[in-house]
Amino acid sequence: MTQEHAQTFNSLRHWTEALEKALADSQWSHISRVHVIGETTSTQDACRHNVIDAGGLPGVAVTTLRQHAGRGRLGRAWNDPEGHGVACSVAVAVQPPERLALAGALAACLAVEHVTKNTLMPRIRWPNDVMLETQPDIRRKVAGVLVEVPVDPPVAVIGIGLNVHQQKWASPLDQIAISLAQAGVTVSRLDLVTGLLGCLDQTLDWADSRLIDEFSARDLLTGTTATFEHAGRRHTGVVLDIDPMQGLRIRTADGTIKSLPALTTSLIHDQQV
């Protein structure tokens, strides 16, 4: 066994033991099984396959030391072949994707707040980006959420990726992304993924009203000018308010108030750093 393989084996054993202990001690409501993989293409796919192997039962959480072909919303890549971040996916009973994405984004915020002892206060750029403000009016993405509802098996898979130890990014990510280390905080990936799963189990239990209140306290877009795409058309305006599970209202330059539904509206990211 090479030194690299030995390190991977030891890390796998350590992560598995720690997460299984957390599962036993915390008695999570939505997570009943935890699997740690040394390397995988995507935790989303690994989680779905694990559910199939379990006869379609939800409740499994999958995390990995390294991810080679992860994905985010709209087909964007979320890779971590060097093992600097956290990638995990959790299969739960089917619920509206907007609700699950909101629970995932809030879980990422809570986990970062907890492990950094509130020295970092992330905010949410609707619908699924978790952002850190590095300087006044300069924000970078530290985490993202992807919710998929495959036909087989009939579960919803919540994927969360979080940047932890990365120190540099290739263009254009160097203008978009940030890690906790770059924000001046050094934390254990294992501590972070443990906290993240616990926080997700918590936010999944929250009533819709609690989810909306917690989102509003961290909302990044309300009051800003942004561009959205809906039904093949782009709409630019000042964001008046957001109901993360229903939609948002904007006021365009000519004073028109437009309501855009959450399910079929996307933020145009090149308009919002």
# chains A, B, ... in the order shown; residues from 1 in each chain; ligands from 1
call {"tool": "residues_around", "arguments": {"residues": "region 244-260 of chain A", "least_positions_apart": "6", "cutoff": "7 Å", "atoms": "only C-alpha atoms", "output": "MDAnalysis selection string"}}
result
chainID A and resid 98:99 127 212 236:238
call {"tool": "write_last_selection", "arguments": {"atoms": "C-alpha atoms", "output": "PDB file, in the first residue's frame"}}
result
ATOM      1  CA  GLU A  98     -37.656  25.132  -3.706  1.00  0.00           C
ATOM      2  CA  ARG A  99     -38.196  24.131  -0.097  1.00  0.00           C
ATOM      3  CA  PRO A 127     -32.087  30.806  -5.134  1.00  0.00           C
ATOM      4  CA  ILE A 212     -38.706  32.120   5.136  1.00  0.00           C
ATOM      5  CA  THR A 236     -34.037  43.605 -14.993  1.00  0.00           C
ATOM      6  CA  GLY A 237     -35.185  45.618 -12.028  1.00  0.00           C
ATOM      7  CA  VAL A 238     -34.903  46.435  -8.366  1.00  0.00           C
TER       8      VAL A 238
END
call {"tool": "select_by_dssp", "arguments": {"residues": "region 162-250 of chain A", "states": "strand (DSSP E or B)", "output": "PyMOL selection string"}}
result
chain A and resi 162+177+219+225-230+233-243+247-250
call {"tool": "write_last_selection", "arguments": {"atoms": "C-alpha atoms", "output": "CSV table (one decimal), in the first residue's frame"}}
result
chain,number,residue,atom,x,y,z
A,162,LEU,CA,-18.7,24.1,0.3
A,177,ALA,CA,-15.5,31.9,-5.6
A,219,ASP,CA,-31.2,37.6,1.9
A,225,THR,CA,-30.8,45.6,-9.1
A,226,ALA,CA,-30.6,42.2,-10.7
A,227,THR,CA,-31.5,40.4,-14.0
A,228,PHE,CA,-33.6,37.3,-14.1
A,229,GLU,CA,-34.7,35.0,-16.8
A,230,HIS,CA,-38.2,33.6,-17.0
A,233,ARG,CA,-37.1,36.4,-21.5
A,234,ARG,CA,-34.8,38.5,-19.3
A,235,HIS,CA,-36.2,41.0,-16.8
A,236,THR,CA,-34.0,43.6,-15.0
A,237,GLY,CA,-35.2,45.6,-12.0
A,238,VAL,CA,-34.9,46.4,-8.4
A,239,VAL,CA,-35.8,43.4,-6.2
A,240,LEU,CA,-38.7,44.5,-4.0
A,241,ASP,CA,-39.2,41.3,-2.1
A,242,ILE,CA,-38.6,37.5,-2.3
A,243,ASP,CA,-40.6,34.6,-1.1
A,247,GLY,CA,-41.2,33.9,-6.2
A,248,LEU,CA,-40.1,37.5,-6.2
A,249,ARG,CA,-41.3,40.9,-7.3
A,250,ILE,CA,-39.1,43.4,-9.2
call {"tool": "residues_around", "arguments": {"residues": "Ala101 (chain A)", "least_positions_apart": "6", "cutoff": "9 Å", "atoms": "only C-alpha atoms", "output": "JSON, numbers by chain"}}
result
{"A": [127, 128, 145, 146, 147, 158, 159]}
call {"tool": "atom_distance", "arguments": {"atom1": "CA of Arg189 (chain A)", "atom2": "CA of Ala91 (chain A)"}}
result
20.9 Å
call {"tool": "residues_around", "arguments": {"residues": "Val155 (chain A)", "least_positions_apart": "6", "cutoff": "12 Å", "atoms": "only C-alpha atoms", "output": "list in words"}}
result
Gln44, Cys47, Arg48, His49, Asn50, Val51, Ile52, Gly55, Gly56, Leu57, Pro58, Gly59, Val60, Val90, Ala91, Val92, Ala93, Val94, Gln95, Pro96, Pro97, Leu100, Val147, Glu148 and Val149 of chain A
call {"tool": "write_last_selection", "arguments": {"atoms": "N, CA and C atoms", "output": "PDB file, in the first residue's frame"}}
result
ATOM      1  N   GLN A  44     -23.941  13.251  -5.843  1.00  0.00           N
ATOM      2  CA  GLN A  44     -25.345  13.127  -6.237  1.00  0.00           C
ATOM      3  C   GLN A  44     -25.619  11.754  -6.827  1.00  0.00           C
ATOM      4  N   CYS A  47     -25.158   8.956  -4.210  1.00  0.00           N
ATOM      5  CA  CYS A  47     -26.283   8.927  -3.281  1.00  0.00           C
ATOM      6  C   CYS A  47     -27.482   8.234  -3.931  1.00  0.00           C
ATOM      7  N   ARG A  48     -27.759   8.574  -5.173  1.00  0.00           N
ATOM      8  CA  ARG A  48     -28.886   7.951  -5.869  1.00  0.00           C
ATOM      9  C   ARG A  48     -28.682   6.444  -5.994  1.00  0.00           C
ATOM     10  N   HIS A  49     -27.469   6.026  -6.354  1.00  0.00           N
ATOM     11  CA  HIS A  49     -27.197   4.593  -6.490  1.00  0.00           C
ATOM     12  C   HIS A  49     -27.321   3.890  -5.138  1.00  0.00           C
ATOM     13  N   ASN A  50     -26.915   4.566  -4.073  1.00  0.00           N
ATOM     14  CA  ASN A  50     -27.030   3.968  -2.747  1.00  0.00           C
ATOM     15  C   ASN A  50     -28.489   3.757  -2.369  1.00  0.00           C
ATOM     16  N   VAL A  51     -29.346   4.708  -2.740  1.00  0.00           N
ATOM     17  CA  VAL A  51     -30.778   4.568  -2.466  1.00  0.00           C
ATOM     18  C   VAL A  51     -31.352   3.386  -3.242  1.00  0.00           C
ATOM     19  N   ILE A  52     -30.942   3.243  -4.490  1.00  0.00           N
ATOM     20  CA  ILE A  52     -31.406   2.107  -5.294  1.00  0.00           C
ATOM     21  C   ILE A  52     -31.004   0.800  -4.624  1.00  0.00           C
ATOM     22  N   GLY A  55     -33.185  -0.376  -1.833  1.00  0.00           N
ATOM     23  CA  GLY A  55     -34.583  -0.625  -2.139  1.00  0.00           C
ATOM     24  C   GLY A  55     -35.435   0.614  -2.247  1.00  0.00           C
ATOM     25  N   GLY A  56     -34.810   1.758  -2.512  1.00  0.00           N
ATOM     26  CA  GLY A  56     -35.549   2.997  -2.703  1.00  0.00           C
ATOM     27  C   GLY A  56     -35.791   3.792  -1.445  1.00  0.00           C
ATOM     28  N   LEU A  57     -35.187   3.385  -0.341  1.00  0.00           N
ATOM     29  CA  LEU A  57     -35.417   4.085   0.928  1.00  0.00           C
ATOM     30  C   LEU A  57     -34.590   5.370   1.001  1.00  0.00           C
ATOM     31  N   PRO A  58     -35.202   6.499   1.343  1.00  0.00           N
ATOM     32  CA  PRO A  58     -34.435   7.725   1.569  1.00  0.00           C
ATOM     33  C   PRO A  58     -33.695   7.644   2.899  1.00  0.00           C
ATOM     34  N   GLY A  59     -33.001   8.716   3.250  1.00  0.00           N
ATOM     35  CA  GLY A  59     -32.338   8.778   4.552  1.00  0.00           C
ATOM     36  C   GLY A  59     -30.849   8.555   4.502  1.00  0.00           C
ATOM     37  N   VAL A  60     -30.267   8.423   3.314  1.00  0.00           N
ATOM     38  CA  VAL A  60     -28.827   8.196   3.222  1.00  0.00           C
ATOM     39  C   VAL A  60     -28.112   9.520   2.943  1.00  0.00           C
ATOM     40  N   VAL A  90     -27.702  14.240   0.259  1.00  0.00           N
ATOM     41  CA  VAL A  90     -28.620  13.565   1.176  1.00  0.00           C
ATOM     42  C   VAL A  90     -29.917  13.262   0.433  1.00  0.00           C
ATOM     43  N   ALA A  91     -30.360  12.015   0.500  1.00  0.00           N
ATOM     44  CA  ALA A  91     -31.619  11.602  -0.121  1.00  0.00           C
ATOM     45  C   ALA A  91     -32.746  11.676   0.906  1.00  0.00           C
ATOM     46  N   VAL A  92     -33.786  12.417   0.571  1.00  0.00           N
ATOM     47  CA  VAL A  92     -34.921  12.596   1.478  1.00  0.00           C
ATOM     48  C   VAL A  92     -36.213  12.323   0.717  1.00  0.00           C
ATOM     49  N   ALA A  93     -37.303  12.224   1.451  1.00  0.00           N
ATOM     50  CA  ALA A  93     -38.609  12.067   0.818  1.00  0.00           C
ATOM     51  C   ALA A  93     -38.889  13.280  -0.068  1.00  0.00           C
ATOM     52  N   VAL A  94     -39.598  13.043  -1.166  1.00  0.00           N
ATOM     53  CA  VAL A  94     -39.845  14.105  -2.142  1.00  0.00           C
ATOM     54  C   VAL A  94     -40.665  15.229  -1.517  1.00  0.00           C
ATOM     55  N   GLN A  95     -40.164  16.449  -1.679  1.00  0.00           N
ATOM     56  CA  GLN A  95     -40.840  17.677  -1.288  1.00  0.00           C
ATOM     57  C   GLN A  95     -40.616  18.689  -2.402  1.00  0.00           C
ATOM     58  N   PRO A  96     -41.300  19.835  -2.367  1.00  0.00           N
ATOM     59  CA  PRO A  96     -41.042  20.845  -3.393  1.00  0.00           C
ATOM     60  C   PRO A  96     -39.551  21.201  -3.442  1.00  0.00           C
ATOM     61  N   PRO A  97     -38.939  21.178  -4.622  1.00  0.00           N
ATOM     62  CA  PRO A  97     -37.503  21.463  -4.725  1.00  0.00           C
ATOM     63  C   PRO A  97     -37.109  22.807  -4.136  1.00  0.00           C
ATOM     64  N   LEU A 100     -36.560  22.383  -0.432  1.00  0.00           N
ATOM     65  CA  LEU A 100     -35.348  21.627  -0.123  1.00  0.00           C
ATOM     66  C   LEU A 100     -34.095  22.455  -0.399  1.00  0.00           C
ATOM     67  N   VAL A 147     -30.637  20.557  -6.018  1.00  0.00           N
ATOM     68  CA  VAL A 147     -31.685  19.594  -5.684  1.00  0.00           C
ATOM     69  C   VAL A 147     -32.117  18.891  -6.962  1.00  0.00           C
ATOM     70  N   GLU A 148     -32.075  17.564  -6.922  1.00  0.00           N
ATOM     71  CA  GLU A 148     -32.506  16.759  -8.057  1.00  0.00           C
ATOM     72  C   GLU A 148     -33.554  15.767  -7.586  1.00  0.00           C
ATOM     73  N   VAL A 149     -34.566  15.550  -8.426  1.00  0.00           N
ATOM     74  CA  VAL A 149     -35.616  14.584  -8.122  1.00  0.00           C
ATOM     75  C   VAL A 149     -35.637  13.560  -9.260  1.00  0.00           C
TER      76      VAL A 149
END
call {"tool": "closest_atom_pairs", "arguments": {"of": "region 131-218 of chain A", "to": "region 109-122 of chain A", "cutoff": "9 Å", "atoms": "only C-alpha atoms", "output": "JSON lines"}}
result
{"residue": "A:Met131", "atom": "CA", "partner": "A:Pro122", "partner_atom": "CA", "distance": 5.5}
{"residue": "A:Leu132", "atom": "CA", "partner": "A:Pro122", "partner_atom": "CA", "distance": 5.0}
{"residue": "A:Glu133", "atom": "CA", "partner": "A:Pro122", "partner_atom": "CA", "distance": 7.6}
{"residue": "A:Val142", "atom": "CA", "partner": "A:Pro122", "partner_atom": "CA", "distance": 8.3}
{"residue": "A:Ala143", "atom": "CA", "partner": "A:Cys109", "partner_atom": "CA", "distance": 8.7}
{"residue": "A:Leu180", "atom": "CA", "partner": "A:Val112", "partner_atom": "CA", "distance": 8.5}
{"residue": "A:Ala183", "atom": "CA", "partner": "A:Leu120", "partner_atom": "CA", "distance": 8.2}
{"residue": "A:Val185", "atom": "CA", "partner": "A:Thr116", "partner_atom": "CA", "distance": 6.9}
{"residue": "A:Thr186", "atom": "CA", "partner": "A:Thr116", "partner_atom": "CA", "distance": 8.5}
{"residue": "A:Val187", "atom": "CA", "partner": "A:Val115", "partner_atom": "CA", "distance": 7.1}
{"residue": "A:Ser188", "atom": "CA", "partner": "A:Val115", "partner_atom": "CA", "distance": 8.9}
{"residue": "A:Asp191", "atom": "CA", "partner": "A:Val115", "partner_atom": "CA", "distance": 7.6}
{"residue": "A:Leu192", "atom": "CA", "partner": "A:Ala111", "partner_atom": "CA", "distance": 6.6}
{"residue": "A:Val193", "atom": "CA", "partner": "A:Ala111", "partner_atom": "CA", "distance": 8.3}
{"residue": "A:Thr194", "atom": "CA", "partner": "A:Ala111", "partner_atom": "CA", "distance": 8.8}
{"residue": "A:Gly195", "atom": "CA", "partner": "A:Ala111", "partner_atom": "CA", "distance": 5.4}
{"residue": "A:Leu196", "atom": "CA", "partner": "A:Ala111", "partner_atom": "CA", "distance": 5.1}
{"residue": "A:Leu197", "atom": "CA", "partner": "A:Ala111", "partner_atom": "CA", "distance": 8.6}
{"residue": "A:Gly198", "atom": "CA", "partner": "A:Ala111", "partner_atom": "CA", "distance": 8.4}
{"residue": "A:Cys199", "atom": "CA", "partner": "A:Ala111", "partner_atom": "CA", "distance": 6.3}
{"residue": "A:Leu200", "atom": "CA", "partner": "A:Ala111", "partner_atom": "CA", "distance": 8.8}
{"residue": "A:Arg218", "atom": "CA", "partner": "A:Pro122", "partner_atom": "CA", "distance": 7.3}
call {"tool": "select_by_dssp", "arguments": {"residues": "region 24-215 of chain A", "states": "helix (DSSP H, G or I)", "output": "PyMOL selection string"}}
result
chain A and resi 24-26+43-53+73-75+97-115+173-175+189-203+208-215
call {"tool": "closest_residue", "arguments": {"among": "A:His14, A:Trp28, A:Leu190, A:Leu267", "to": "Thr63 (chain A)", "atoms": "only C-alpha atoms"}}
result
A:Leu190
call {"tool": "decode", "arguments": {"residues": "region 149-177 of chain A", "atoms": "N, CA and C atoms", "output": "PDB file, in the first residue's frame"}}
result
ATOM      1  N   VAL A 149     -34.566  15.550  -8.426  1.00  0.00           N
ATOM      2  CA  VAL A 149     -35.616  14.584  -8.122  1.00  0.00           C
ATOM      3  C   VAL A 149     -35.637  13.560  -9.260  1.00  0.00           C
ATOM      4  N   PRO A 150     -34.816  12.517  -9.150  1.00  0.00           N
ATOM      5  CA  PRO A 150     -34.759  11.521 -10.221  1.00  0.00           C
ATOM      6  C   PRO A 150     -36.043  10.710 -10.292  1.00  0.00           C
ATOM      7  N   VAL A 151     -36.321  10.174 -11.473  1.00  0.00           N
ATOM      8  CA  VAL A 151     -37.498   9.319 -11.641  1.00  0.00           C
ATOM      9  C   VAL A 151     -37.320   8.012 -10.874  1.00  0.00           C
ATOM     10  N   ASP A 152     -36.095   7.497 -10.909  1.00  0.00           N
ATOM     11  CA  ASP A 152     -35.791   6.250 -10.210  1.00  0.00           C
ATOM     12  C   ASP A 152     -34.479   6.430  -9.449  1.00  0.00           C
ATOM     13  N   PRO A 153     -34.505   6.327  -8.135  1.00  0.00           N
ATOM     14  CA  PRO A 153     -35.649   6.049  -7.267  1.00  0.00           C
ATOM     15  C   PRO A 153     -36.436   7.322  -6.977  1.00  0.00           C
ATOM     16  N   PRO A 154     -37.687   7.200  -6.466  1.00  0.00           N
ATOM     17  CA  PRO A 154     -38.532   8.383  -6.220  1.00  0.00           C
ATOM     18  C   PRO A 154     -38.173   9.079  -4.917  1.00  0.00           C
ATOM     19  N   VAL A 155     -37.027   9.731  -4.903  1.00  0.00           N
ATOM     20  CA  VAL A 155     -36.579  10.509  -3.752  1.00  0.00           C
ATOM     21  C   VAL A 155     -36.076  11.851  -4.276  1.00  0.00           C
ATOM     22  N   ALA A 156     -35.827  12.770  -3.364  1.00  0.00           N
ATOM     23  CA  ALA A 156     -35.159  14.020  -3.698  1.00  0.00           C
ATOM     24  C   ALA A 156     -33.747  13.968  -3.138  1.00  0.00           C
ATOM     25  N   VAL A 157     -32.785  14.383  -3.935  1.00  0.00           N
ATOM     26  CA  VAL A 157     -31.389  14.366  -3.512  1.00  0.00           C
ATOM     27  C   VAL A 157     -30.896  15.807  -3.394  1.00  0.00           C
ATOM     28  N   ILE A 158     -30.504  16.186  -2.180  1.00  0.00           N
ATOM     29  CA  ILE A 158     -29.987  17.530  -1.906  1.00  0.00           C
ATOM     30  C   ILE A 158     -28.466  17.464  -1.905  1.00  0.00           C
ATOM     31  N   GLY A 159     -27.841  18.161  -2.814  1.00  0.00           N
ATOM     32  CA  GLY A 159     -26.387  18.223  -2.866  1.00  0.00           C
ATOM     33  C   GLY A 159     -25.888  19.572  -2.390  1.00  0.00           C
ATOM     34  N   ILE A 160     -24.873  19.565  -1.534  1.00  0.00           N
ATOM     35  CA  ILE A 160     -24.289  20.808  -1.020  1.00  0.00           C
ATOM     36  C   ILE A 160     -22.780  20.747  -1.206  1.00  0.00           C
ATOM     37  N   GLY A 161     -22.233  21.758  -1.836  1.00  0.00           N
ATOM     38  CA  GLY A 161     -20.792  21.887  -1.969  1.00  0.00           C
ATOM     39  C   GLY A 161     -20.318  23.128  -1.246  1.00  0.00           C
ATOM     40  N   LEU A 162     -19.224  23.010  -0.504  1.00  0.00           N
ATOM     41  CA  LEU A 162     -18.735  24.132   0.303  1.00  0.00           C
ATOM     42  C   LEU A 162     -17.218  24.223   0.171  1.00  0.00           C
ATOM     43  N   ASN A 163     -16.726  25.418  -0.124  1.00  0.00           N
ATOM     44  CA  ASN A 163     -15.288  25.640  -0.291  1.00  0.00           C
ATOM     45  C   ASN A 163     -14.635  25.858   1.073  1.00  0.00           C
ATOM     46  N   VAL A 164     -13.602  25.053   1.360  1.00  0.00           N
ATOM     47  CA  VAL A 164     -13.017  25.086   2.699  1.00  0.00           C
ATOM     48  C   VAL A 164     -11.549  25.524   2.681  1.00  0.00           C
ATOM     49  N   HIS A 165     -10.678  24.735   2.035  1.00  0.00           N
ATOM     50  CA  HIS A 165      -9.234  24.990   2.118  1.00  0.00           C
ATOM     51  C   HIS A 165      -8.622  25.555   0.843  1.00  0.00           C
ATOM     52  N   GLN A 166      -9.396  25.763  -0.203  1.00  0.00           N
ATOM     53  CA  GLN A 166      -8.829  26.247  -1.460  1.00  0.00           C
ATOM     54  C   GLN A 166      -8.114  27.587  -1.252  1.00  0.00           C
ATOM     55  N   GLN A 167      -6.953  27.738  -1.912  1.00  0.00           N
ATOM     56  CA  GLN A 167      -6.178  28.969  -1.804  1.00  0.00           C
ATOM     57  C   GLN A 167      -6.095  29.742  -3.118  1.00  0.00           C
ATOM     58  N   LYS A 168      -6.428  29.081  -4.222  1.00  0.00           N
ATOM     59  CA  LYS A 168      -6.409  29.782  -5.510  1.00  0.00           C
ATOM     60  C   LYS A 168      -7.403  29.131  -6.450  1.00  0.00           C
ATOM     61  N   TRP A 169      -7.814  29.918  -7.437  1.00  0.00           N
ATOM     62  CA  TRP A 169      -8.808  29.469  -8.397  1.00  0.00           C
ATOM     63  C   TRP A 169      -8.346  29.839  -9.803  1.00  0.00           C
ATOM     64  N   ALA A 170      -8.711  29.001 -10.739  1.00  0.00           N
ATOM     65  CA  ALA A 170      -8.486  29.343 -12.139  1.00  0.00           C
ATOM     66  C   ALA A 170      -9.532  30.365 -12.572  1.00  0.00           C
ATOM     67  N   SER A 171      -9.210  31.153 -13.587  1.00  0.00           N
ATOM     68  CA  SER A 171     -10.170  32.105 -14.135  1.00  0.00           C
ATOM     69  C   SER A 171     -11.310  31.337 -14.815  1.00  0.00           C
ATOM     70  N   PRO A 172     -12.556  31.774 -14.696  1.00  0.00           N
ATOM     71  CA  PRO A 172     -13.032  32.995 -14.050  1.00  0.00           C
ATOM     72  C   PRO A 172     -13.430  32.811 -12.589  1.00  0.00           C
ATOM     73  N   LEU A 173     -13.180  31.615 -12.023  1.00  0.00           N
ATOM     74  CA  LEU A 173     -13.595  31.374 -10.643  1.00  0.00           C
ATOM     75  C   LEU A 173     -12.894  32.294  -9.659  1.00  0.00           C
ATOM     76  N   ASP A 174     -11.709  32.804 -10.038  1.00  0.00           N
ATOM     77  CA  ASP A 174     -10.991  33.689  -9.119  1.00  0.00           C
ATOM     78  C   ASP A 174     -11.749  34.992  -8.874  1.00  0.00           C
ATOM     79  N   GLN A 175     -12.716  35.310  -9.734  1.00  0.00           N
ATOM     80  CA  GLN A 175     -13.536  36.500  -9.542  1.00  0.00           C
ATOM     81  C   GLN A 175     -14.899  36.166  -8.945  1.00  0.00           C
ATOM     82  N   ILE A 176     -15.146  34.887  -8.697  1.00  0.00           N
ATOM     83  CA  ILE A 176     -16.482  34.452  -8.277  1.00  0.00           C
ATOM     84  C   ILE A 176     -16.462  33.727  -6.938  1.00  0.00           C
ATOM     85  N   ALA A 177     -15.457  32.850  -6.749  1.00  0.00           N
ATOM     86  CA  ALA A 177     -15.465  31.928  -5.613  1.00  0.00           C
ATOM     87  C   ALA A 177     -14.549  32.382  -4.487  1.00  0.00           C
TER      88      ALA A 177
END
